[in-house]
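Chemist: Take a look at target_38.cif, mmCIF, C-alpha atoms and all ligand atoms:
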data_entry
#
loop_
_atom_site.label_atom_id
_atom_site.label_comp_id
_atom_site.auth_asym_id
_atom_site.auth_seq_id
_atom_site.Cartn_x
_atom_site.Cartn_y
_atom_site.Cartn_z
CA MET Z 1207 54.59 21.58 28.51
CA SER Z 1208 52.48 22.73 25.59
CA THR Z 1209 50.58 19.91 24.00
CA LEU Z 1210 49.02 17.10 25.99
CA VAL Z 1211 46.81 14.31 24.63
CA VAL Z 1212 44.36 12.70 27.06
CA VAL Z 1213 43.15 9.26 25.97
CA GLY Z 1214 40.87 6.60 27.42
CA THR Z 1215 42.57 3.24 27.98
CA GLN Z 1216 39.49 1.02 28.30
CA TRP Z 1217 36.01 0.99 26.70
CA GLY Z 1218 35.30 4.68 27.30
CA ASP Z 1219 33.70 6.18 30.42
CA GLU Z 1220 37.04 6.20 32.24
CA GLY Z 1221 36.38 9.65 33.67
CA LYS Z 1222 38.28 11.63 31.02
CA GLY Z 1223 35.85 14.53 31.43
CA LYS Z 1224 36.96 15.18 34.98
CA VAL Z 1225 40.66 14.71 34.21
CA VAL Z 1226 40.53 17.09 31.25
CA HIS Z 1227 38.53 19.59 33.27
CA LEU Z 1228 41.13 19.41 36.03
CA LEU Z 1229 44.14 19.76 33.76
CA SER Z 1230 42.52 22.43 31.63
CA GLU Z 1231 43.15 24.89 34.46
CA HIS Z 1232 46.62 25.22 32.96
CA ALA Z 1233 45.54 25.06 29.31
CA ASP Z 1234 44.67 27.80 26.84
CA TYR Z 1235 42.85 25.54 24.38
CA ILE Z 1236 40.98 22.24 24.58
CA VAL Z 1237 40.65 20.35 21.31
CA ARG Z 1238 38.50 17.37 20.31
CA TYR Z 1239 39.85 15.24 17.50
CA GLN Z 1240 37.42 12.36 16.87
CA GLY Z 1241 33.99 10.93 17.64
CA GLY Z 1242 30.84 12.97 17.85
CA ASN Z 1243 27.89 13.34 20.18
CA ASN Z 1244 28.19 9.65 21.04
CA ALA Z 1245 30.55 10.85 23.77
CA GLY Z 1246 29.39 11.98 27.17
CA HIS Z 1247 31.66 13.90 29.50
CA THR Z 1248 30.28 14.43 32.96
CA VAL Z 1249 31.88 17.32 34.81
CA VAL Z 1250 31.04 19.12 38.01
CA PHE Z 1251 31.32 22.87 37.75
CA ASP Z 1252 30.30 25.29 40.51
CA GLY Z 1253 28.69 22.38 42.31
CA LYS Z 1254 26.50 21.53 39.32
CA GLU Z 1255 26.76 18.46 37.11
CA PHE Z 1256 26.97 18.88 33.34
CA ILE Z 1257 27.06 16.23 30.64
CA LEU Z 1258 28.66 17.50 27.45
CA HIS Z 1259 28.51 15.45 24.27
CA LEU Z 1260 30.24 17.51 21.62
CA ILE Z 1261 31.74 20.70 22.96
CA PRO Z 1262 34.90 20.26 25.08
CA ALA Z 1263 34.25 20.70 28.79
CA GLY Z 1264 36.84 23.49 28.79
CA ILE Z 1265 34.06 25.80 27.60
CA LEU Z 1266 32.86 25.90 31.22
CA GLU Z 1267 36.06 27.66 32.29
CA GLU Z 1268 36.23 31.35 31.65
CA GLY Z 1269 39.03 32.32 29.28
CA LYS Z 1270 39.54 28.83 27.82
CA LYS Z 1271 39.06 28.30 24.11
CA CYS Z 1272 37.69 25.15 22.53
CA ILE Z 1273 38.25 23.61 19.13
CA ILE Z 1274 36.30 20.84 17.41
CA GLY Z 1275 38.75 19.35 14.93
CA ASN Z 1276 38.26 17.93 11.46
CA GLY Z 1277 38.27 14.35 12.78
CA VAL Z 1278 35.00 14.90 14.66
CA VAL Z 1279 31.62 14.19 13.06
CA ILE Z 1280 29.13 16.90 13.94
CA ASP Z 1281 25.38 16.69 14.13
CA PRO Z 1282 24.36 20.35 13.61
CA GLU Z 1283 21.13 19.83 15.58
CA ALA Z 1284 23.00 18.37 18.55
CA LEU Z 1285 25.61 21.13 18.32
CA VAL Z 1286 23.04 23.92 18.42
CA GLN Z 1287 21.18 22.25 21.28
CA GLU Z 1288 24.40 22.12 23.28
CA ILE Z 1289 25.31 25.72 22.47
CA GLU Z 1290 21.85 26.89 23.52
CA PHE Z 1291 21.92 24.85 26.70
CA LEU Z 1292 25.31 26.29 27.68
CA LYS Z 1293 24.35 29.83 26.74
CA GLY Z 1294 21.35 29.39 29.02
CA LYS Z 1295 23.82 28.64 31.83
CA GLY Z 1296 25.62 31.90 31.13
CA ILE Z 1297 28.52 30.46 29.10
CA VAL Z 1298 29.93 32.92 26.57
CA PHE Z 1299 30.96 31.57 23.15
CA LYS Z 1300 32.27 34.53 21.20
CA ASP Z 1301 35.92 33.93 20.21
CA ARG Z 1302 35.94 30.81 22.37
CA LEU Z 1303 34.60 28.09 20.07
CA PHE Z 1304 36.15 27.10 16.74
CA ILE Z 1305 34.76 24.35 14.54
CA SER Z 1306 36.62 22.77 11.65
CA ASP Z 1307 35.33 23.54 8.18
CA SER Z 1308 36.34 20.04 7.15
CA ALA Z 1309 34.56 18.16 9.94
CA HIS Z 1310 31.89 15.91 8.41
CA ILE Z 1311 28.31 16.43 9.39
CA ILE Z 1312 25.72 13.97 10.64
CA LEU Z 1313 22.31 14.31 9.05
CA PRO Z 1314 19.06 12.63 10.11
CA TYR Z 1315 19.52 9.83 7.56
CA HIS Z 1316 22.74 8.81 9.30
CA ARG Z 1317 20.79 8.36 12.51
CA PHE Z 1318 18.07 6.40 10.67
CA LEU Z 1319 20.67 4.12 9.07
CA ASP Z 1320 22.40 3.59 12.42
CA ARG Z 1321 19.09 2.53 13.98
CA PHE Z 1322 18.21 0.41 10.95
CA ARG Z 1323 21.50 -1.51 11.24
CA GLU Z 1324 21.01 -1.95 14.95
CA ARG Z 1325 17.80 -3.82 14.21
CA GLN Z 1326 19.66 -6.38 12.11
CA LYS Z 1327 20.84 -9.74 13.39
CA VAL Z 1328 24.30 -8.69 14.61
CA ARG Z 1329 23.82 -5.72 16.92
CA LEU Z 1330 26.83 -3.59 17.83
CA GLY Z 1331 24.98 -1.72 20.54
CA THR Z 1332 25.80 1.69 19.05
CA THR Z 1333 24.55 4.95 20.50
CA CYS Z 1334 22.33 5.33 17.37
CA LYS Z 1335 23.56 8.91 16.91
CA GLY Z 1336 24.55 8.27 13.28
CA ILE Z 1337 28.28 8.13 14.01
CA GLY Z 1338 29.12 5.00 12.00
CA PRO Z 1339 27.10 5.95 8.89
CA ALA Z 1340 28.61 9.47 8.87
CA TYR Z 1341 32.18 8.12 9.08
CA SER Z 1342 31.28 5.53 6.40
CA ASP Z 1343 30.25 8.35 4.07
CA LYS Z 1344 33.47 10.21 4.84
CA VAL Z 1345 35.60 7.24 3.88
CA ALA Z 1346 33.41 6.45 0.87
CA ARG Z 1347 34.01 10.07 -0.24
CA VAL Z 1348 30.32 10.98 -0.34
CA GLY Z 1349 30.25 12.79 3.00
CA ILE Z 1350 29.30 16.42 3.51
CA ARG Z 1351 31.66 18.69 5.39
CA MET Z 1352 30.95 21.85 7.38
CA ALA Z 1353 32.33 24.03 4.57
CA GLU Z 1354 29.76 22.51 2.22
CA TYR Z 1355 26.96 22.78 4.77
CA LEU Z 1356 27.59 26.54 4.69
CA ASN Z 1357 27.06 26.75 0.93
CA SER Z 1358 23.42 26.16 -0.01
CA VAL Z 1359 24.01 25.26 -3.68
CA ILE Z 1360 26.75 22.74 -2.98
CA PHE Z 1361 24.90 21.39 0.03
CA GLN Z 1362 21.69 20.75 -1.92
CA ASP Z 1363 23.59 19.00 -4.67
CA LEU Z 1364 25.46 16.72 -2.25
CA LEU Z 1365 22.30 16.08 -0.25
CA ASN Z 1366 20.40 15.05 -3.39
CA ARG Z 1367 23.17 12.69 -4.43
CA ASN Z 1368 23.27 11.11 -0.98
CA LEU Z 1369 19.51 10.71 -0.75
CA ARG Z 1370 19.36 9.14 -4.22
CA GLU Z 1371 22.06 6.67 -3.30
CA LYS Z 1372 20.54 5.78 0.06
CA ALA Z 1373 16.89 5.82 -1.11
CA PRO Z 1374 16.50 2.02 -1.41
CA ILE Z 1375 17.04 1.64 2.33
CA LEU Z 1376 15.66 5.01 3.45
CA LYS Z 1377 12.32 4.31 1.70
CA LYS Z 1378 11.77 1.50 4.19
CA ILE Z 1379 12.15 3.97 7.06
CA CYS Z 1380 10.80 7.34 5.95
CA LYS Z 1381 9.42 9.47 3.11
CA VAL Z 1382 12.60 10.54 1.33
CA ASN Z 1383 11.24 13.74 -0.25
CA GLN Z 1384 9.80 14.92 3.00
CA LEU Z 1385 13.10 14.15 4.72
CA ARG Z 1386 14.93 16.22 2.12
CA ARG Z 1387 12.63 19.21 2.74
CA GLU Z 1388 13.03 18.87 6.48
CA ILE Z 1389 16.83 18.77 6.26
CA LEU Z 1390 16.91 21.91 4.10
CA GLN Z 1391 14.51 23.75 6.37
CA LYS Z 1392 16.43 22.75 9.48
CA ARG Z 1393 19.66 23.96 7.90
CA GLU Z 1394 18.14 27.44 7.47
CA GLU Z 1395 17.30 27.51 11.19
CA LEU Z 1396 20.61 26.13 12.42
CA LEU Z 1397 23.11 27.85 10.17
CA PRO Z 1398 22.97 31.33 11.77
CA GLN Z 1399 23.86 29.73 15.09
CA ILE Z 1400 26.83 27.80 13.71
CA LYS Z 1401 28.50 29.67 10.91
CA GLY Z 1402 30.34 32.18 13.07
CA TYR Z 1403 32.41 29.36 14.58
CA ILE Z 1404 33.54 27.62 11.39
CA VAL Z 1405 37.22 28.08 10.49
CA ASP Z 1406 40.15 26.11 9.11
CA THR Z 1407 41.13 24.68 12.49
CA SER Z 1408 44.31 23.00 11.20
CA VAL Z 1409 45.77 26.43 10.48
CA LEU Z 1410 44.58 27.73 13.84
CA ILE Z 1411 45.93 24.75 15.81
CA ASN Z 1412 49.35 24.89 14.16
CA LYS Z 1413 49.49 28.61 14.83
CA ILE Z 1414 48.71 28.27 18.53
CA VAL Z 1415 51.11 25.34 18.90
CA ASP Z 1416 53.86 27.43 17.33
CA GLN Z 1417 53.00 30.31 19.68
CA GLY Z 1418 53.68 27.96 22.59
CA LYS Z 1419 50.08 27.97 23.85
CA SER Z 1420 49.10 25.20 26.19
CA ILE Z 1421 46.73 22.76 24.48
CA ILE Z 1422 44.89 19.64 25.62
CA PHE Z 1423 43.66 17.23 22.98
CA GLU Z 1424 40.83 15.20 24.47
CA SER Z 1425 39.75 11.86 23.10
CA ALA Z 1426 36.21 10.62 23.24
CA GLN Z 1427 35.56 6.91 23.90
CA GLY Z 1428 38.55 4.70 24.67
CA THR Z 1429 41.29 2.58 23.12
CA LEU Z 1430 39.17 -0.58 23.10
CA LEU Z 1431 36.55 1.25 21.06
CA ASP Z 1432 39.15 2.32 18.49
CA VAL Z 1433 38.25 1.11 15.01
CA ASP Z 1434 41.79 -0.24 14.50
CA PHE Z 1435 42.94 -1.24 17.98
CA GLY Z 1436 39.69 -2.01 19.77
CA THR Z 1437 37.43 -5.02 20.07
CA TYR Z 1438 36.34 -4.90 16.44
CA PRO Z 1439 33.54 -4.96 15.29
CA PHE Z 1440 32.17 -3.78 18.66
CA VAL Z 1441 33.94 -0.45 18.37
CA THR Z 1442 33.20 3.09 17.31
CA SER Z 1443 34.10 4.30 13.81
CA SER Z 1444 37.04 6.55 14.63
CA ASN Z 1445 40.50 6.49 16.23
CA PRO Z 1446 40.40 7.55 19.89
CA VAL Z 1447 44.05 6.44 20.26
CA ALA Z 1448 46.67 9.17 20.56
CA GLY Z 1449 47.68 8.64 16.93
CA GLY Z 1450 44.22 9.92 15.96
CA VAL Z 1451 45.20 13.43 17.03
CA CYS Z 1452 47.36 14.04 13.97
CA ALA Z 1453 44.76 13.02 11.40
CA GLY Z 1454 41.93 14.51 13.44
CA THR Z 1455 43.42 17.99 13.83
CA GLY Z 1456 46.14 18.47 11.23
CA ILE Z 1457 49.19 18.67 13.48
CA GLY Z 1458 52.28 16.54 12.94
CA PRO Z 1459 53.43 13.94 15.52
CA THR Z 1460 56.50 16.07 16.30
CA LYS Z 1461 54.17 18.63 17.88
CA ILE Z 1462 52.82 16.27 20.56
CA ASP Z 1463 54.67 16.68 23.85
CA LYS Z 1464 52.92 14.23 26.13
CA VAL Z 1465 50.16 11.60 26.25
CA LEU Z 1466 48.22 10.80 29.42
CA GLY Z 1467 46.01 7.70 29.64
CA VAL Z 1468 42.92 7.69 31.83
CA VAL Z 1469 42.14 4.35 33.44
CA LYS Z 1470 39.39 3.23 35.77
CA ALA Z 1471 40.35 1.20 38.83
CA TYR Z 1472 38.11 -1.57 37.45
CA THR Z 1473 36.53 -2.30 34.06
CA THR Z 1474 33.18 -1.27 32.60
CA ARG Z 1475 31.59 -1.54 29.23
CA VAL Z 1476 28.43 -0.15 27.62
CA GLY Z 1477 27.16 -1.83 24.47
CA GLU Z 1478 27.67 -5.27 23.02
CA GLY Z 1479 30.72 -7.50 22.63
CA PRO Z 1480 32.80 -9.85 24.77
CA PHE Z 1481 33.75 -8.85 28.31
CA PRO Z 1482 36.15 -11.28 29.94
CA THR Z 1483 36.26 -10.18 33.58
CA GLU Z 1484 33.38 -11.29 35.74
CA LEU Z 1485 31.00 -8.87 37.44
CA LEU Z 1486 32.24 -6.96 40.43
CA ASN Z 1487 31.41 -8.57 43.71
CA GLN Z 1488 28.03 -7.26 44.83
CA THR Z 1489 29.51 -6.11 48.12
CA GLY Z 1490 31.27 -3.33 46.14
CA ARG Z 1491 30.04 -0.15 47.84
CA TYR Z 1492 29.28 1.76 44.67
CA LEU Z 1493 27.34 -1.08 43.16
CA ARG Z 1494 25.41 -1.63 46.34
CA GLU Z 1495 24.49 2.04 46.62
CA LYS Z 1496 23.63 2.71 43.02
CA GLY Z 1497 22.60 -0.74 41.89
CA LYS Z 1498 24.21 -0.25 38.52
CA GLU Z 1499 26.23 2.32 36.63
CA PHE Z 1500 24.83 4.03 33.60
CA GLY Z 1501 26.48 5.44 30.47
CA ALA Z 1502 26.45 9.25 30.27
CA THR Z 1503 25.11 9.36 26.71
CA THR Z 1504 22.77 6.42 26.30
CA GLY Z 1505 21.66 5.89 29.89
CA ARG Z 1506 22.21 2.18 29.29
CA SER Z 1507 23.55 0.09 32.13
CA ARG Z 1508 27.20 -0.89 32.06
CA ARG Z 1509 28.75 -4.24 32.65
CA CYS Z 1510 31.28 -4.06 35.47
CA GLY Z 1511 34.33 -6.23 35.90
CA TRP Z 1512 37.65 -6.43 37.72
CA PHE Z 1513 40.66 -4.48 36.53
CA ASP Z 1514 41.88 -6.10 33.31
CA SER Z 1515 45.60 -5.49 32.94
CA VAL Z 1516 45.78 -7.29 29.56
CA LEU Z 1517 43.53 -4.63 28.03
CA VAL Z 1518 45.31 -1.71 29.69
CA ARG Z 1519 48.77 -3.06 28.74
CA HIS Z 1520 47.52 -3.05 25.16
CA ALA Z 1521 46.38 0.57 25.56
CA VAL Z 1522 49.74 1.54 27.07
CA LEU Z 1523 51.42 0.01 24.03
CA VAL Z 1524 49.34 1.48 21.21
CA ASN Z 1525 49.16 4.95 22.78
CA GLY Z 1526 52.81 5.02 23.89
CA LEU Z 1527 51.76 5.78 27.46
CA LYS Z 1528 54.19 6.48 30.26
CA GLU Z 1529 51.65 8.04 32.63
CA LEU Z 1530 48.15 7.24 33.74
CA ALA Z 1531 45.39 8.98 35.66
CA LEU Z 1532 43.59 6.39 37.80
CA THR Z 1533 39.91 7.11 38.41
CA LYS Z 1534 37.09 5.83 40.64
CA LEU Z 1535 39.40 4.12 43.10
CA ASP Z 1536 36.84 4.78 45.86
CA VAL Z 1537 34.40 2.36 44.19
CA LEU Z 1538 36.53 -0.50 45.56
CA ASP Z 1539 36.55 0.81 49.16
CA ASN Z 1540 34.42 -1.89 50.76
CA LEU Z 1541 35.92 -5.06 49.41
CA ASP Z 1542 37.74 -7.68 51.47
CA SER Z 1543 39.79 -8.71 48.50
CA ILE Z 1544 40.17 -7.50 44.96
CA LYS Z 1545 40.86 -9.50 41.81
CA ILE Z 1546 43.06 -8.31 38.96
CA CYS Z 1547 43.07 -10.00 35.59
CA VAL Z 1548 46.70 -10.60 34.60
CA ALA Z 1549 46.30 -12.85 31.54
CA TYR Z 1550 43.71 -14.84 29.60
CA ARG Z 1551 43.29 -18.55 29.23
CA HIS Z 1552 42.37 -19.61 25.73
CA LYS Z 1553 41.96 -23.31 24.89
CA GLY Z 1554 44.44 -24.28 27.57
CA GLU Z 1555 46.97 -21.65 26.54
CA ILE Z 1556 47.90 -18.55 28.53
CA ILE Z 1557 47.71 -15.30 26.55
CA ARG Z 1558 49.30 -12.14 27.94
CA THR Z 1559 48.77 -9.77 25.03
CA PHE Z 1560 45.44 -8.51 23.75
CA PRO Z 1561 44.18 -10.89 21.03
CA MET Z 1562 43.13 -9.00 17.92
CA SER Z 1563 41.07 -11.94 16.61
CA ARG Z 1564 37.41 -11.59 17.61
CA GLU Z 1565 37.05 -15.36 17.83
CA VAL Z 1566 39.98 -15.74 20.19
CA PHE Z 1567 38.88 -12.80 22.37
CA ARG Z 1568 35.33 -14.15 22.61
CA HIS Z 1569 36.61 -17.37 24.16
CA CYS Z 1570 39.21 -15.84 26.48
CA ARG Z 1571 38.73 -16.51 30.17
CA PRO Z 1572 40.44 -14.30 32.77
CA VAL Z 1573 43.36 -15.44 34.89
CA TYR Z 1574 43.18 -13.54 38.17
CA ILE Z 1575 45.46 -12.73 41.03
CA GLU Z 1576 43.82 -11.65 44.26
CA VAL Z 1577 45.03 -8.83 46.48
CA PRO Z 1578 43.67 -7.65 49.85
CA GLY Z 1579 41.21 -4.73 49.89
CA TRP Z 1580 41.49 -1.72 52.23
CA ARG Z 1581 37.93 -1.61 53.64
CA LYS Z 1582 38.08 2.08 54.42
CA GLU Z 1583 36.57 5.20 52.88
CA ILE Z 1584 39.28 6.99 50.92
CA LYS Z 1585 37.29 9.94 49.54
CA GLY Z 1586 38.76 13.19 50.77
CA ILE Z 1587 42.31 11.89 51.20
CA GLN Z 1588 44.64 14.32 49.43
CA GLN Z 1589 48.05 12.73 49.80
CA PHE Z 1590 49.23 9.44 48.39
CA SER Z 1591 51.02 8.55 51.61
CA ARG Z 1592 47.72 8.91 53.53
CA LEU Z 1593 45.99 6.23 51.47
CA PRO Z 1594 45.57 2.87 53.23
CA LEU Z 1595 48.55 0.60 52.66
CA ASN Z 1596 46.51 -1.90 50.62
CA ALA Z 1597 45.21 0.86 48.34
CA ARG Z 1598 48.79 1.97 47.69
CA ARG Z 1599 49.75 -1.64 47.03
CA TYR Z 1600 46.86 -2.00 44.57
CA ILE Z 1601 48.03 1.10 42.72
CA ARG Z 1602 51.65 -0.11 42.62
CA LYS Z 1603 50.49 -3.50 41.35
CA ILE Z 1604 48.56 -1.89 38.50
CA GLU Z 1605 51.62 0.20 37.57
CA GLU Z 1606 53.78 -2.90 37.53
CA LEU Z 1607 51.31 -4.93 35.46
CA VAL Z 1608 50.59 -2.31 32.80
CA GLY Z 1609 54.04 -0.75 32.60
CA ALA Z 1610 53.15 2.91 33.21
CA LYS Z 1611 53.24 5.27 36.19
CA ILE Z 1612 50.09 6.52 37.87
CA SER Z 1613 50.52 10.25 38.31
CA LEU Z 1614 47.00 11.24 39.31
CA ILE Z 1615 44.34 9.46 41.39
CA SER Z 1616 40.72 10.46 41.34
CA MET Z 1617 38.22 9.43 43.99
CA GLY Z 1618 35.11 11.39 43.16
CA ARG Z 1619 33.68 13.79 40.64
CA SER Z 1620 34.83 17.09 42.07
CA LYS Z 1621 38.28 18.59 41.56
CA GLU Z 1622 39.03 18.38 45.27
CA GLU Z 1623 38.71 14.61 45.30
CA THR Z 1624 42.04 14.09 43.56
CA ILE Z 1625 45.61 13.17 44.49
CA PHE Z 1626 48.43 14.41 42.26
P1 LIG Z 1701 28.84 4.40 18.14
O1 LIG Z 1701 30.05 5.17 18.51
O2 LIG Z 1701 27.56 5.10 18.46
O3 LIG Z 1701 28.88 3.91 16.73
O4 LIG Z 1701 28.83 3.07 19.06
C1 LIG Z 1701 29.81 2.05 18.92
C2 LIG Z 1701 30.21 1.48 20.26
O5 LIG Z 1701 30.91 2.46 21.00
C3 LIG Z 1701 29.04 1.06 21.15
O6 LIG Z 1701 29.44 -0.08 21.89
C4 LIG Z 1701 28.84 2.24 22.07
O7 LIG Z 1701 28.25 1.87 23.28
C5 LIG Z 1701 30.28 2.65 22.27
N1 LIG Z 1701 30.46 4.05 22.62
C6 LIG Z 1701 30.41 5.12 21.81
N2 LIG Z 1701 30.68 6.24 22.48
C7 LIG Z 1701 30.95 5.88 23.74
C8 LIG Z 1701 31.36 6.60 24.92
O8 LIG Z 1701 31.56 7.83 24.91
N3 LIG Z 1701 31.53 5.86 26.05
C9 LIG Z 1701 31.36 4.51 26.07
N4 LIG Z 1701 31.00 3.81 25.01
C10 LIG Z 1701 30.80 4.48 23.85
#
Translate this file's structure into structure tokens.
Ligand code: IMP

Modeler:
Amino acid sequence: MSTLVVVGTQWGDEGKGKVVHLLSEHADYIVRYQGGNNAGHTVVFDGKEFILHLIPAGILEEGKKCIIGNGVVIDPEALVQEIEFLKGKGIVFKDRLFISDSAHIILPYHRFLDRFRERQKVRLGTTCKGIGPAYSDKVARVGIRMAEYLNSVIFQDLLNRNLREKAPILKKICKVNQLRREILQKREELLPQIKGYIVDTSVLINKIVDQGKSIIFESAQGTLLDVDFGTYPFVTSSNPVAGGVCAGTGIGPTKIDKVLGVVKAYTTRVGEGPFPTELLNQTGRYLREKGKEFGATTGRSRRCGWFDSVLVRHAVLVNGLKELALTKLDVLDNLDSIKICVAYRHKGEIIRTFPMSREVFRHCRPVYIEVPGWRKEIKGIQQFSRLPLNARRYIRKIEELVGAKISLISMGRSKEETIF
């Protein structure tokens, strides 16, 4: 196997960081293809917990190389902060990090505009990192790419044009001339720390694929946050689905060998938008211990719900998934019985496929089946056959409902807490 795409099948936060970290043992390169520092991958390395937002977690493993593809939007300030943080932990970057020269950059005005929009009547609950405004500029063909950030004359020209265009709104938020000076000054500081990593990554990726290197393409966010296939408009501005890999890195679909979906044993969501499955029963061990879960990037609390097979079936379909990695199964340890959403009820009708219409989705109510829980701690179990019978039945039921096989089960953050 050479090229593997790892995608999230729900609203992000499925535990992709751990799965990628685990599988990257056998990989030469780890590549990101979309999103930006709105992502948050929590990984445990040498007993320590790290949250990475932009740089693939593979950077923590000696000898692995990491690529940030053209489909990613990069905030140079966030990038340098992450590089410095990792260097401080002893991570070596030379010849290990490659950043696309055609990745678009996020500048402070993108963050301002993101926050400005979030104060309007319809909130999307974004991370306010400037992701949406940067992708908007890309599509509107006024964006600034890494290659242009490197060139001071071209950069100044593009910056001026952008600031002129955005001035009517920016004036309400900041002093535009001062902002311009600050951006230029910051660029001088940041550039020496970035420019050594900028290359044409599409050429590099095709070369390493052709050499038969082992590559993992990691998505940020999840299928339901995909701008085309998610719960629009409460989505991110890129394509986390597997199809995003081609446009986000410059490889053709014929070069993708396998796609693995990561799925949580229940459902969570950060941010706004409808959420059909009701909150997890408060006797859930994890919820009782921690009170709530929190998103790795924003620190905002998540809504928790039962496993929603309608959503995951949709993800299986649009990503072409045959295999899944099931995460956080241990969270359900203490429950007498567990509900699974198998369909929605909408105005008296039963819907089994994910409704693309926001109005329909908003009014969908879950139809549940109920299965017995296992009421036993499963952390530490390393063989599928050793799992309690009801846990195995729960896993088999999920496979049957979503139409994909579960090939990996994770029950904790560390590598050891995994069943293959
Ligand atoms: P944006 O990506 O900052 O524009 O936010 C759009 C939506 O995606 C919001 O609902 C965010 O909470 C959500 N989002 C973005 N990144 C992540 C992530 O990595 N995990 C979970 N939710 C995310």

Chemist: Counting only C-alpha atoms, give me one row per residue of stretch 1355-1430 of chain Z with an atom at most 6 Å from an atom of stretch 1438-1448 of chain Z, showing the shortest contact pair and its distance in Å to one decimal, sorted by chain then residue number, as JSON lines.

Modeler:
{"residue": "Z:Ser1425", "atom": "CA", "partner": "Z:Pro1446", "partner_atom": "CA", "distance": 5.4}
{"residue": "Z:Gly1428", "atom": "CA", "partner": "Z:Pro1446", "partner_atom": "CA", "distance": 5.9}
{"residue": "Z:Thr1429", "atom": "CA", "partner": "Z:Val1447", "partner_atom": "CA", "distance": 5.5}

Chemist: What separation in Å, quoted to one decimal, exists between atom CA of Z:His1552 and atom CA of Z:Ser1515?

Modeler: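 Spanning atom CA of Z:His1552 to atom CA of Z:Ser1515 is a straight-line distance of 16.2 Å.
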
Chemist: Within 8 Å of ligand LIG 1701 (chain Z), counting all atoms listed in the file, which protein or nucleic acid residues do you find, written as a VMD selection string?

Modeler: chain Z and resid 1217 to 1219 1241 to 1247 1320 1330 to 1338 1426 to 1428 1431 1440 to 1443 1475 to 1479 1501 to 1504

Chemist: For atom CA of Z:Lys1222 and atom CA of Z:Gly1458, determine how far apart the two atoms are, in Å to one decimal place.

Modeler: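 Between atom CA of Z:Lys1222 and atom CA of Z:Gly1458 the gap is 23.4 Å.
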
Chemist: Go through Z:Ile1422, Z:Ser1342, Z:Leu1228, Z:Asp1252 and flag the residue nearest Z:Glu1623, using all atoms listed in the file for the distances.

Modeler: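 Checking each of Z:Ile1422, Z:Ser1342, Z:Leu1228, Z:Asp1252 against Z:Glu1623, counting all atoms listed in the file, the winner is Z:Leu1228.
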
Chemist: Quick one, how far is atom CA of Z:Gln1588 from atom CA of Z:Val1250?

Modeler: 18.4 Å

Chemist: Pick out the residues sitting within 12 Å of stretch 1599-1610 of chain Z, and hand them over as an NGL selection string; count only C-alpha atoms, and ignore anything fewer than 4 positions along from it in its own chain.

Modeler: :Z and (1215 or 1465-1472 or 1512-1523 or 1525-1533 or 1535 or 1538-1539 or 1543-1549 or 1558-1559 or 1575-1580 or 1590-1591 or 1593-1595 or 1614-1616)

Chemist: Quick one: write out the picked residues with C-alpha atoms as a short mmCIF file (atom, residue, chain, number, x, y, z; two decimals), keeping the file's coordinate frame?

Modeler:
data_model
loop_
_atom_site.label_atom_id
_atom_site.label_comp_id
_atom_site.auth_asym_id
_atom_site.auth_seq_id
_atom_site.Cartn_x
_atom_site.Cartn_y
_atom_site.Cartn_z
CA THR Z 1215 42.57 3.24 27.98
CA VAL Z 1465 50.16 11.60 26.25
CA LEU Z 1466 48.22 10.80 29.42
CA GLY Z 1467 46.01 7.70 29.64
CA VAL Z 1468 42.92 7.69 31.83
CA VAL Z 1469 42.14 4.35 33.44
CA LYS Z 1470 39.39 3.23 35.77
CA ALA Z 1471 40.35 1.20 38.83
CA TYR Z 1472 38.11 -1.57 37.45
CA TRP Z 1512 37.65 -6.43 37.72
CA PHE Z 1513 40.66 -4.48 36.53
CA ASP Z 1514 41.88 -6.10 33.31
CA SER Z 1515 45.60 -5.49 32.94
CA VAL Z 1516 45.78 -7.29 29.56
CA LEU Z 1517 43.53 -4.63 28.03
CA VAL Z 1518 45.31 -1.71 29.69
CA ARG Z 1519 48.77 -3.06 28.74
CA HIS Z 1520 47.52 -3.05 25.16
CA ALA Z 1521 46.38 0.57 25.56
CA VAL Z 1522 49.74 1.54 27.07
CA LEU Z 1523 51.42 0.01 24.03
CA ASN Z 1525 49.16 4.95 22.78
CA GLY Z 1526 52.81 5.02 23.89
CA LEU Z 1527 51.76 5.78 27.46
CA LYS Z 1528 54.19 6.48 30.26
CA GLU Z 1529 51.65 8.04 32.63
CA LEU Z 1530 48.15 7.24 33.74
CA ALA Z 1531 45.39 8.98 35.66
CA LEU Z 1532 43.59 6.39 37.80
CA THR Z 1533 39.91 7.11 38.41
CA LEU Z 1535 39.40 4.12 43.10
CA LEU Z 1538 36.53 -0.50 45.56
CA ASP Z 1539 36.55 0.81 49.16
CA SER Z 1543 39.79 -8.71 48.50
CA ILE Z 1544 40.17 -7.50 44.96
CA LYS Z 1545 40.86 -9.50 41.81
CA ILE Z 1546 43.06 -8.31 38.96
CA CYS Z 1547 43.07 -10.00 35.59
CA VAL Z 1548 46.70 -10.60 34.60
CA ALA Z 1549 46.30 -12.85 31.54
CA ARG Z 1558 49.30 -12.14 27.94
CA THR Z 1559 48.77 -9.77 25.03
CA ILE Z 1575 45.46 -12.73 41.03
CA GLU Z 1576 43.82 -11.65 44.26
CA VAL Z 1577 45.03 -8.83 46.48
CA PRO Z 1578 43.67 -7.65 49.85
CA GLY Z 1579 41.21 -4.73 49.89
CA TRP Z 1580 41.49 -1.72 52.23
CA PHE Z 1590 49.23 9.44 48.39
CA SER Z 1591 51.02 8.55 51.61
CA LEU Z 1593 45.99 6.23 51.47
CA PRO Z 1594 45.57 2.87 53.23
CA LEU Z 1595 48.55 0.60 52.66
CA LEU Z 1614 47.00 11.24 39.31
CA ILE Z 1615 44.34 9.46 41.39
CA SER Z 1616 40.72 10.46 41.34
#
